[in-house]
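A.B. asks: Pasting in a structure now, in structure tokens, and then I'll have a few things to ask.
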4 protein chains.
Amino acid sequence: MQKINVGVFGGTGYTGLELIRLLNHHPGVNLNFATSESSAGESLRENWPLAPDILLQSMNDVALEDIDCVFLCLPHTKSAAVARKAISLNIRVVDLSADLRISDPIKYEQWYGIPHPEPDLLPVPYGLPELGRADLVGANVIANPGCYATSILLGLTPLVRKSLILPDTPIIIDAKSGTSGAGRTPKQHILFGEVYGNFSPYNIGRSHRHLGEIEQILSTEGLEQGRLIFSPHLLPTDRGILAAIYVQVVNIEQSHQAFHDFYDQEALVEVLPKGSLATLAHVVRTPLTAISLTAAAETMLIVMVAIDNLLKGASSQAIQNFNLMHGLPETTGLLSTPGASG
Amino acid sequence: MQKINVGVFGGTGYTGLELIRLLNHHPGVNLNFATSESSAGESLRENWPLAPDILLQSMNDVALEDIDCVFLCLPHTKSAAVARKAISLNIRVVDLSADLRISDPIKYEQWYGIPHPEPDLLPVPYGLPELGRADLVGANVIANPGCYATSILLGLTPLVRKSLILPDTPIIIDAKSGTSGAGRTPKQHILFGEVYGNFSPYNIGRSHRHLGEIEQILSTEGLEQGRLIFSPHLLPTDRGILAAIYVQVVNIEQSHQAFHDFYDQEALVEVLPKGSLATLAHVVRTPLTAISLTAAAETMLIVMVAIDNLLKGASSQAIQNFNLMHGLPETTGLLSTPGASG
Amino acid sequence: MQKINVGVFGGTGYTGLELIRLLNHHPGVNLNFATSESSAGESLRENWPLAPDILLQSMNDVALEDIDCVFLCLPHTKSAAVARKAISLNIRVVDLSADLRISDPIKYEQWYGIPHPEPDLLPVPYGLPELGRADLVGANVIANPGCYATSILLGLTPLVRKSLILPDTPIIIDAKSGTSGAGRTPKQHILFGEVYGNFSPYNIGRSHRHLGEIEQILSTEGLEQGRLIFSPHLLPTDRGILAAIYVQVVNIEQSHQAFHDFYDQEALVEVLPKGSLATLAHVVRTPLTAISLTAAAETMLIVMVAIDNLLKGASSQAIQNFNLMHGLPETTGLLSTPGASG
Amino acid sequence: MQKINVGVFGGTGYTGLELIRLLNHHPGVNLNFATSESSAGESLRENWPLAPDILLQSMNDVALEDIDCVFLCLPHTKSAAVARKAISLNIRVVDLSADLRISDPIKYEQWYGIPHPEPDLLPVPYGLPELGRADLVGANVIANPGCYATSILLGLTPLVRKSLILPDTPIIIDAKSGTSGAGRTPKQHILFGEVYGNFSPYNIGRSHRHLGEIEQILSTEGLEQGRLIFSPHLLPTDRGILAAIYVQVVNIEQSHQAFHDFYDQEALVEVLPKGSLATLAHVVRTPLTAISLTAAAETMLIVMVAIDNLLKGASSQAIQNFNLMHGLPETTGLLSTPGASG
């Protein structure tokens with residue numbers, strides 16, 4: 001197999017490091033470069049001990065001539081311009097930032113408080129493969145979903161698509177994430193001394209930015225906007241998301257069936273047997289999603305969704321999208337490893 | 001002040017150790033004994049380094065003649081018989097087990113799967129002082145509430161009492177507790193290696209035993225039974241409970257007012273200013289409760305309640321009850337300490 | 001008792017917060033102000049929820065007229081100038097920074113890489129009360145020791161003073177500290193995601209700055225300089241220091257005796273019985289020091305010293321010094337609290 | 001390649017689970033069975049969610065006919081009898097227990113307090129491949145080293161073999177391990193509530209059992225017995241060992257050279273560049289060893305050795321040994337994985 005030449009923009013954040021780790025073992029990939037503005041000139045080993053000895057370069061110094069595909073692990077607003085440049089050079093793009101996720105620039109501005117930096121690029125296929133691969137196979141640009149958004153969309157779409165959610169009822173999502181979701185840039189609230197022994201909600205209700213992309217996708221599936229109540233919390237752990245979704249359904253048995261129909265053929269999603277509950281330990285350091293279903297009352301279903309925020313919530317999903325773009329089997333580089341279960 | 005002679009049954013569990021720590025600094029108390037079946041004959045220092053050098057005795061060996069009050073930190077089903085004996089000797093009892101919390105022996109059996117060991121003792125005042133002190137002042141026996149129950153009742157009673165909850169809507173409680181809530185008896189699921197880096201739900205829906213006492217109290221306040229959906233989770237931290245309560249209300253402003261009316265004169269409950277969210281760090285290692293209110297939609301209120309499961313959820317609440325029993329100021333021994341905020 | 005008016009410079013670091021917590025419950029103190037450059041104008045409650053509602057002021061805005069004593073929790077090099085100003089106003093000073101610990105400005109420059117900011121102030125009494133109180137009682141200025149230095153000096157001075165250490169042998173100190181020792185200013189290496197699940201040495205050998213003050217004190221006690229090998233490590237916990245000291249002694253039994261002679265009358269130091277080993281759990285959140293002695297070979301003694309780095313290693317030791325300065329009993333405000341053992 | 005049929009005795013402890021994870025992805029292996037007395041009849045998935053769906057069997061029920069090799073993850077004293085039986089059936093054995101590590105049954109009894117269960121099996125090659133592979137290639141039985149022993153032997157053997165250690169000086173080893181080293185059987189001291197926020201030494205001096213195997217190996221290399229002082233500590237993390245070795249050497253530069261000569265051709269050991277210090281983060285969840293060397297004084301060398309106690313300290317080392325036994329490349333199944341660096 002001829003190797004695909006790739007580069008990573010933003011290689012020293014948690015997402016970038018994880019992505020490089022995966023690319024480094026992907027059988028179809030040559031990792032040509034990784035960028036870092038803060039560590040340009042250093043080896044990747046300064047950030048990730050015993051890593052491959054890759055020289056980190058400033059964004060402006062990388063040579064793009066022979067590159068087939070770039071992964072963008074940059075802050076939102078910074079990412080779109082790099083995407084535009086890559087596209088102009090016929091380089092494929094998997095954008096892990098938020099810049100290309102929301103199709104409507106006005107909505108982007110509502111959620112992110114700033115005009116969209118490159119509205120001409122929109123819309124771009126939303127890379128959550130389990131929701132549909134038609135737009136992803138062979139795509140030139142893919143917007144990689146947010147971590148919370150991934151967990152919540154995986155937990156709701158099977159019900160929405162079958163119209164199983166009771167009309168006019170709120171959908172409560174109480175979600176918890178490890179601190180790597182907040183990035184690797186030093187801020188006081190994610191210092192060890194602040195997080196250790198603590199557990200804290202933030203941006204609860206209808207204020208977290210991922211609501212924008214979640215409701216965009218669910219509205220195309222037929223769910224009216226405004227029904228989600230979403231409360232993220234910071235867990236005193238490094239990685240993993242567990243989303244507890246409380247949703248009232250027309251029929252509990254049909255809901256179970258909808259999840260099995262949706263996921264039983266999926267390699268990376270596991271619907272747990274009745275009685276088991278999804279936990280972080282099911283999925284942390286794997287590309288997998290674990291989903292459990294619990295009937296709590298006649299019409300009340302509790303959907304628990306667990307993912308690793310840095311893998312299925314970011315980097316391993318980016319690999320799924322990369323594989324689909326390039327006609328490779330979707331799980332190439334993700335499963336045949338001691339680190340991964342299943 | 002003449003000291004009150006007390007004893008602690010079950011002194012080497014997490015609740016018992018915390019209670020002894022509090023009693024040891026309570027200005028009105030002589031701690032006469034502490035029992036432990038597993039550590040009888042050892043000093044308390046074997047369990048709690050640098051603790052007072054108290055000899056642990058077997059339950060059957062303690063002398064009760066001069067005792068005024070006992071605290072029972074025993075497993076449910078074991079506690080009631082000791083309570084009965086103490087009552088027969090005119091010794092006051094604060095029971096921290098579940099045995100005396102549920103007034104109806106049939107309900108006890110439904111939740112605990114075993115006939116009530118001492119049904120003649122029932123009913124007993126339920127010791128959540130902020131809900132009403134009439135039955136607690138001067139009482140001879142008090143049932144100390146469960147830890148989850150304390151947090152949830154503090155979060156719902158102000159709304160229930162003012163009839164502010166929308167009829168026929170579910171009340172969702174997504175609660176999280178540190179591992180000390182699961183006790184100090186070795187079990188595999190609370191080993192460090194199992195909990196570290198994990199986060200896991202358990203007994204979700206309508207199966208956790210604390211639902212019994214919660215719905216008993218709320219039904220006397222006017223809420224019909226069966227409306228609560230309650231999902232406890234095990235946090236990778238040692239102590240603290242955060243309960244997120246999603247409740248639909250008639251009026252958001254009146255709901256805010258109801259909480260302030262209920263708690264503004266309370267020494268141990270703090271309703272946070274708008275915009276602040278309750279976290280574990282607010283309350284861990286203090287006898288305090290922190291409550292925050294967030295309007296998430298027109299009728300959707302998110303009530304966050306944070307307590308220390310071993311203090312307000314167990315031992316400091318037991319001291320509040322003890323003080324009320326004996327006509328002492330309710331916060332005696334709880335506030336004038338470096339460890340406590342406020 | 002007439003209250004002593006105090007102020008805290010640097011009130012929102014970990015040390016300052018802990019100190020305010022202690023002062024707030026000290027029966028002889030009025031806390032008049034606390035400063036913070038980053039949070040000036042905010043209430044202390046923004047940093048420490050449920051704290052007393054103290055307005056944080058900029059250093060330059062505080063009124064010093066009626067102040068009797070200030071505590072300096074400022075970075076080294078910043079602290080000395082504030083000390084000088086306070087002294088000139090006849091205000092007592094407990095300096096928790098490193099600025100006044102090293103008597104010789106040349107040595108200061110060697111360790112801190114910068115000329116001493118106020119050499120005229122030197123020397124100042126070194127406030128480790130268990131090593132001698134003569135210079136501390138009634139003092140106007142005291143240099144509060146470093147956290148590692150406190151643990152190591154408490155573990156070696158009894159042996160040095162009795163000349164029990166074998167000549168010409170190295171003294172190995174393998175020490176571990178929770179992350180609060182690294183302060184509350186955001187830096188990448190103390191982010192939760194970096195520390196969680198990790199354990200890492202730093203500045204090992206003879207490069208950590210606390211060696212300067214340790215060897216200064218030990219040389220006055222009769223130990224030649226240069227014999228200590230000191231390896232600090234960052235523990236994945238928020239607080240506590242455990243120092244393992246490997247020292248070859250003339251006689252094991254006399255060494256035990258030396259520790260008991262030195263500490264048996266001390267209220268805040270506990271020499272554990274043979275067979276017990278000092279741990280963080282003995283001391284965290286208390287003003288106490290736990291010391292254990294283990295004979296590992298004919299002349300090899302292992303001294304384990306455990307302290308809370310923010311308390312005995314900083315703020316509770318500052319209170320000891322404050323009490324001595326003002327003729328109060330040394331443990332005033334430190335022991336009669338539920339949070340403290342013993 | 002024809003697959004080698006293997007079985008795992010003791011499949012639900014931490015070591016067994018990790019070994020199964022590795023075997024499951026080893027390209028040359030068929031995992032035929034795994035045993036568990038406590039979970040016989042259950043799927044492995046009850047212990048390790050999303051694991052392969054392997055039925056756990058009781059030891060007495062497994063069919064050994066077609067088995068080529070067994071791994072013993074059993075408690076010491078239980079393991080030797082299974083080894084004997086397997087050997088009698090011409091099945092190869094990698095024993096991860098302590099039973100076959102000490103060649104002299106009398107020494108075994110001294111350290112383990114019980115007569116050796118199968119002295120006829122002794123001696124057996126000690127499987128630390130980096131120390132020498134001559135006895136391991138093609139071997140029928142290998143004793144897999146202890147976790148602490150692995151880290152310490154890797155840190156001392158290069159010096160011992162070159163006679164670089166100063167005569168008559170003590171060798172101080174201050175070692176720290178995550179809790180998985182204490183196993184998965186419930187005991188109070190490894191409960192989450194006991195370990196969280198704590199750090200504690202145990203069996204310090206010359207009492208830990210791994211000293212037996214360490215000194216046995218080092219004495220064959222030429223170091224007299226009795227010189228090691230070894231202090232293990234329990235870290236509040238789930239996995240990883242960091243050993244700090246303080247050793248006085250004849251010559252610092254020659255010591256550096258000795259380590260490079262010893263390890264520069266090794267695939268799984270990394271001697272870090274000067275100035276870098278080995279940490280747990282270098283190695284956790286990898287089969288690698290990281291070693292750093294720091295000259296602390298003229299003759300004082302600090303050797304830091306970091307391994308994952310469950311991998312290089314147990315299961316990945318067992319795979320190295322298995323590969324050597326069967327003539328496979330030593331790192332087969334260990335490196336080409338996203339989970340592993342390098």
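For the structure tokens, the naming scheme is as follows: chains receive sequential letters (A, B, ...) according to their order of presentation, residues are indexed from 1 within each chain, and ligands are indexed from 1 in presentation order.
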Within 8 Å of chain A, which residues of chain C show up when using only C-alpha atoms, listed as a PyMOL selection string?

C.D. replies: chain C and resi 179-180+184-188+190-193+195-196+237-238

A.B. asks: Just want the 9 Å neighbourhood of D:Ile291, counted on only C-alpha atoms, with same-chain residues fewer than 5 positions away dropped. Output as a list in words.

C.D. replies: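 Using only C-alpha atoms, the neighbours found are Leu154, Gly155, Phe259, Val269, Glu270, Val271, Leu272, Leu277, Ala278, Thr279, Val303, Met304, Val305 and Ala306 of chain D.
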
A.B. asks: Give me a file of those residues, with N, CA, C and O atoms, as an mmCIF file, in the first residue's frame.

C.D. replies:
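Below you can see part-v9.cif, which holds the result:
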```
data_model
loop_
_atom_site.group_PDB
_atom_site.id
_atom_site.type_symbol
_atom_site.label_atom_id
_atom_site.label_comp_id
_atom_site.auth_asym_id
_atom_site.auth_seq_id
_atom_site.Cartn_x
_atom_site.Cartn_y
_atom_site.Cartn_z
ATOM 1 N N LEU D 154 17.270 -3.639 36.652
ATOM 2 C CA LEU D 154 17.618 -2.876 35.446
ATOM 3 C C LEU D 154 18.449 -1.646 35.796
ATOM 4 O O LEU D 154 19.262 -1.188 34.994
ATOM 5 N N GLY D 155 18.270 -1.125 37.011
ATOM 6 C CA GLY D 155 18.996 0.075 37.409
ATOM 7 C C GLY D 155 20.360 -0.200 38.004
ATOM 8 O O GLY D 155 21.200 0.707 38.080
ATOM 9 N N PHE D 259 25.780 2.269 31.269
ATOM 10 C CA PHE D 259 24.349 2.182 30.959
ATOM 11 C C PHE D 259 24.108 2.221 29.452
ATOM 12 O O PHE D 259 23.278 1.468 28.927
ATOM 13 N N VAL D 269 14.256 -0.530 26.356
ATOM 14 C CA VAL D 269 14.829 0.270 27.441
ATOM 15 C C VAL D 269 15.402 1.550 26.846
ATOM 16 O O VAL D 269 16.131 1.513 25.855
ATOM 17 N N GLU D 270 15.063 2.651 27.447
ATOM 18 C CA GLU D 270 15.522 3.952 26.962
ATOM 19 C C GLU D 270 16.320 4.628 28.074
ATOM 20 O O GLU D 270 15.785 4.863 29.173
ATOM 21 N N VAL D 271 17.595 4.907 27.809
ATOM 22 C CA VAL D 271 18.378 5.727 28.727
ATOM 23 C C VAL D 271 18.195 7.173 28.277
ATOM 24 O O VAL D 271 18.570 7.536 27.159
ATOM 25 N N LEU D 272 17.577 7.975 29.125
ATOM 26 C CA LEU D 272 17.215 9.336 28.730
ATOM 27 C C LEU D 272 18.458 10.205 28.590
ATOM 28 O O LEU D 272 19.482 9.975 29.244
ATOM 29 N N LEU D 277 14.663 13.511 33.391
ATOM 30 C CA LEU D 277 14.455 12.598 34.516
ATOM 31 C C LEU D 277 13.319 11.643 34.176
ATOM 32 O O LEU D 277 12.282 12.067 33.652
ATOM 33 N N ALA D 278 13.492 10.376 34.503
ATOM 34 C CA ALA D 278 12.455 9.373 34.245
ATOM 35 C C ALA D 278 11.243 9.637 35.130
ATOM 36 O O ALA D 278 11.378 9.976 36.302
ATOM 37 N N THR D 279 10.044 9.499 34.553
ATOM 38 C CA THR D 279 8.798 9.674 35.297
ATOM 39 C C THR D 279 7.848 8.529 34.945
ATOM 40 O O THR D 279 8.052 7.820 33.956
ATOM 41 N N VAL D 303 20.124 6.961 40.036
ATOM 42 C CA VAL D 303 19.542 6.241 38.904
ATOM 43 C C VAL D 303 18.038 6.190 39.121
ATOM 44 O O VAL D 303 17.580 5.647 40.135
ATOM 45 N N MET D 304 17.291 6.795 38.210
ATOM 46 C CA MET D 304 15.831 6.713 38.274
ATOM 47 C C MET D 304 15.391 5.687 37.238
ATOM 48 O O MET D 304 15.781 5.787 36.062
ATOM 49 N N VAL D 305 14.577 4.734 37.663
ATOM 50 C CA VAL D 305 14.062 3.723 36.745
ATOM 51 C C VAL D 305 12.548 3.745 36.808
ATOM 52 O O VAL D 305 11.971 3.640 37.902
ATOM 53 N N ALA D 306 11.905 3.882 35.653
ATOM 54 C CA ALA D 306 10.445 3.882 35.587
ATOM 55 C C ALA D 306 9.960 2.745 34.705
ATOM 56 O O ALA D 306 10.478 2.545 33.599
#
```

A.B. asks: Rank A:Gly240, A:Pro123, A:Pro75, A:Pro129 by their smallest atom-to-atom distance to A:Tyr148, using only C-alpha atoms, and report the top residue only.

C.D. replies: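 Smallest separation from A:Tyr148 among the options: A:Gly240.
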
A.B. asks: Need to verify the contact set: D:Ser38, 10 Å, only C-alpha atoms, exclusion of same-chain residues closer than 5 positions in sequence. Can you return it as a PyMOL selection string?

C.D. replies: chain D and resi 10+12+56-58

A.B. asks: Just all heavy atoms for this one: save the residues we selected as a PDB file, in the first residue's frame.

C.D. replies:
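The resulting file, selection-v9.pdb, is shown below:
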```pdb
ATOM      1  N   GLY D  10      -5.422 -17.780  36.280  1.00  0.00           N
ATOM      2  CA  GLY D  10      -5.551 -16.548  37.067  1.00  0.00           C
ATOM      3  C   GLY D  10      -5.807 -15.374  36.155  1.00  0.00           C
ATOM      4  O   GLY D  10      -4.992 -14.463  36.050  1.00  0.00           O
ATOM      5  N   THR D  12      -8.293 -13.038  36.131  1.00  0.00           N
ATOM      6  CA  THR D  12      -9.098 -11.871  36.507  1.00  0.00           C
ATOM      7  C   THR D  12      -8.433 -10.967  37.525  1.00  0.00           C
ATOM      8  O   THR D  12      -9.059 -10.040  38.047  1.00  0.00           O
ATOM      9  CB  THR D  12     -10.490 -12.309  37.020  1.00  0.00           C
ATOM     10  OG1 THR D  12     -10.297 -13.234  38.099  1.00  0.00           O
ATOM     11  CG2 THR D  12     -11.296 -12.951  35.913  1.00  0.00           C
ATOM     12  N   LEU D  56     -14.731 -17.950  31.526  1.00  0.00           N
ATOM     13  CA  LEU D  56     -13.755 -18.251  32.580  1.00  0.00           C
ATOM     14  C   LEU D  56     -14.061 -19.621  33.174  1.00  0.00           C
ATOM     15  O   LEU D  56     -15.217 -19.946  33.433  1.00  0.00           O
ATOM     16  CB  LEU D  56     -13.818 -17.165  33.655  1.00  0.00           C
ATOM     17  CG  LEU D  56     -13.395 -15.784  33.149  1.00  0.00           C
ATOM     18  CD1 LEU D  56     -13.812 -14.697  34.125  1.00  0.00           C
ATOM     19  CD2 LEU D  56     -11.883 -15.746  32.924  1.00  0.00           C
ATOM     20  N   GLN D  57     -13.002 -20.394  33.377  1.00  0.00           N
ATOM     21  CA  GLN D  57     -13.195 -21.747  33.891  1.00  0.00           C
ATOM     22  C   GLN D  57     -12.467 -21.915  35.213  1.00  0.00           C
ATOM     23  O   GLN D  57     -11.473 -21.225  35.479  1.00  0.00           O
ATOM     24  CB  GLN D  57     -12.606 -22.765  32.906  1.00  0.00           C
ATOM     25  CG  GLN D  57     -13.255 -22.748  31.543  1.00  0.00           C
ATOM     26  CD  GLN D  57     -12.527 -23.700  30.604  1.00  0.00           C
ATOM     27  OE1 GLN D  57     -11.601 -23.299  29.896  1.00  0.00           O
ATOM     28  NE2 GLN D  57     -12.919 -24.958  30.625  1.00  0.00           N
ATOM     29  N   SER D  58     -12.916 -22.853  35.987  1.00  0.00           N
ATOM     30  CA  SER D  58     -12.145 -23.229  37.170  1.00  0.00           C
ATOM     31  C   SER D  58     -10.874 -23.958  36.714  1.00  0.00           C
ATOM     32  O   SER D  58     -10.877 -24.674  35.712  1.00  0.00           O
ATOM     33  CB  SER D  58     -12.977 -24.154  38.052  1.00  0.00           C
ATOM     34  OG  SER D  58     -12.151 -24.678  39.074  1.00  0.00           O
TER      35      SER D  58
END
```

A.B. asks: One number please: atom CA of A:Glu215 to atom CA of A:Val70, in Å, one decimal.

C.D. replies: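 It comes out at 27.7 Å.
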
A.B. asks: Could you pull out the strand (DSSP E) residues of stretch 183-262 of chain A, going by DSSP on the backbone, and write them as a ChimeraX atom specification?

C.D. replies: /A:200-201,228-234,241-248

A.B. asks: Got a sec: who's within 6 Å of stretch 101-108 of chain C, counting only C-alpha atoms, leaving out chain neighbours fewer than 5 positions off, as a compact mmCIF listing (two decimals) with C-alpha atoms, in the first residue's frame?

C.D. replies:
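Result file selection_3.txt:
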```txt
# COMPACT_ATOMS: atom_id res chain seq x y z
CA HIS C 116 19.08 40.06 47.44
CA LEU C 122 19.27 40.37 57.18
CA PRO C 123 19.66 38.36 59.32
CA ALA C 143 11.33 34.30 58.27
CA GLU C 213 18.28 27.29 54.09
```

A.B. asks: For C:Pro117, please output as JSON, numbers by chain all residues within 9 Å (counting only C-alpha atoms; exclusion window: fewer than 5 positions along the same chain).

C.D. replies: {"C": [77, 78, 79, 80, 81, 99, 105]}

A.B. asks: May I have the residues from that selection written out with C-alpha atoms, as an mmCIF file, in the first residue's frame?

C.D. replies:
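Output saved as selection.cif:
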```cif
data_model
loop_
_atom_site.group_PDB
_atom_site.id
_atom_site.type_symbol
_atom_site.label_atom_id
_atom_site.label_comp_id
_atom_site.auth_asym_id
_atom_site.auth_seq_id
_atom_site.Cartn_x
_atom_site.Cartn_y
_atom_site.Cartn_z
ATOM 1 C CA THR C 77 12.009 39.125 45.483
ATOM 2 C CA LYS C 78 8.588 40.814 45.841
ATOM 3 C CA SER C 79 8.286 40.158 49.511
ATOM 4 C CA ALA C 80 11.338 41.895 50.948
ATOM 5 C CA ALA C 81 10.298 45.398 49.953
ATOM 6 C CA ASP C 99 13.457 36.438 50.966
ATOM 7 C CA PRO C 105 22.981 37.813 50.698
#
```

A.B. asks: Compare B:His260, B:Arg227, B:His233, B:Lys3 by their minimum atom-to-atom distance to B:Phe199, counting only C-alpha atoms, and give me the closest one.

C.D. replies: B:His233

A.B. asks: Quick one: DSSP alpha helix (DSSP H) residues in stretch 56-154 of chain C, as a PyMOL selection string?

C.D. replies: chain C and resi 79-88+105-112+147-154

A.B. asks: Could you jot down the atom CA of D:Val284 to atom CA of D:Asn309 separation for me, Å, one decimal place?

C.D. replies: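 Atom-to-atom, atom CA of D:Val284 and atom CA of D:Asn309 are spaced 8.3 Å apart.
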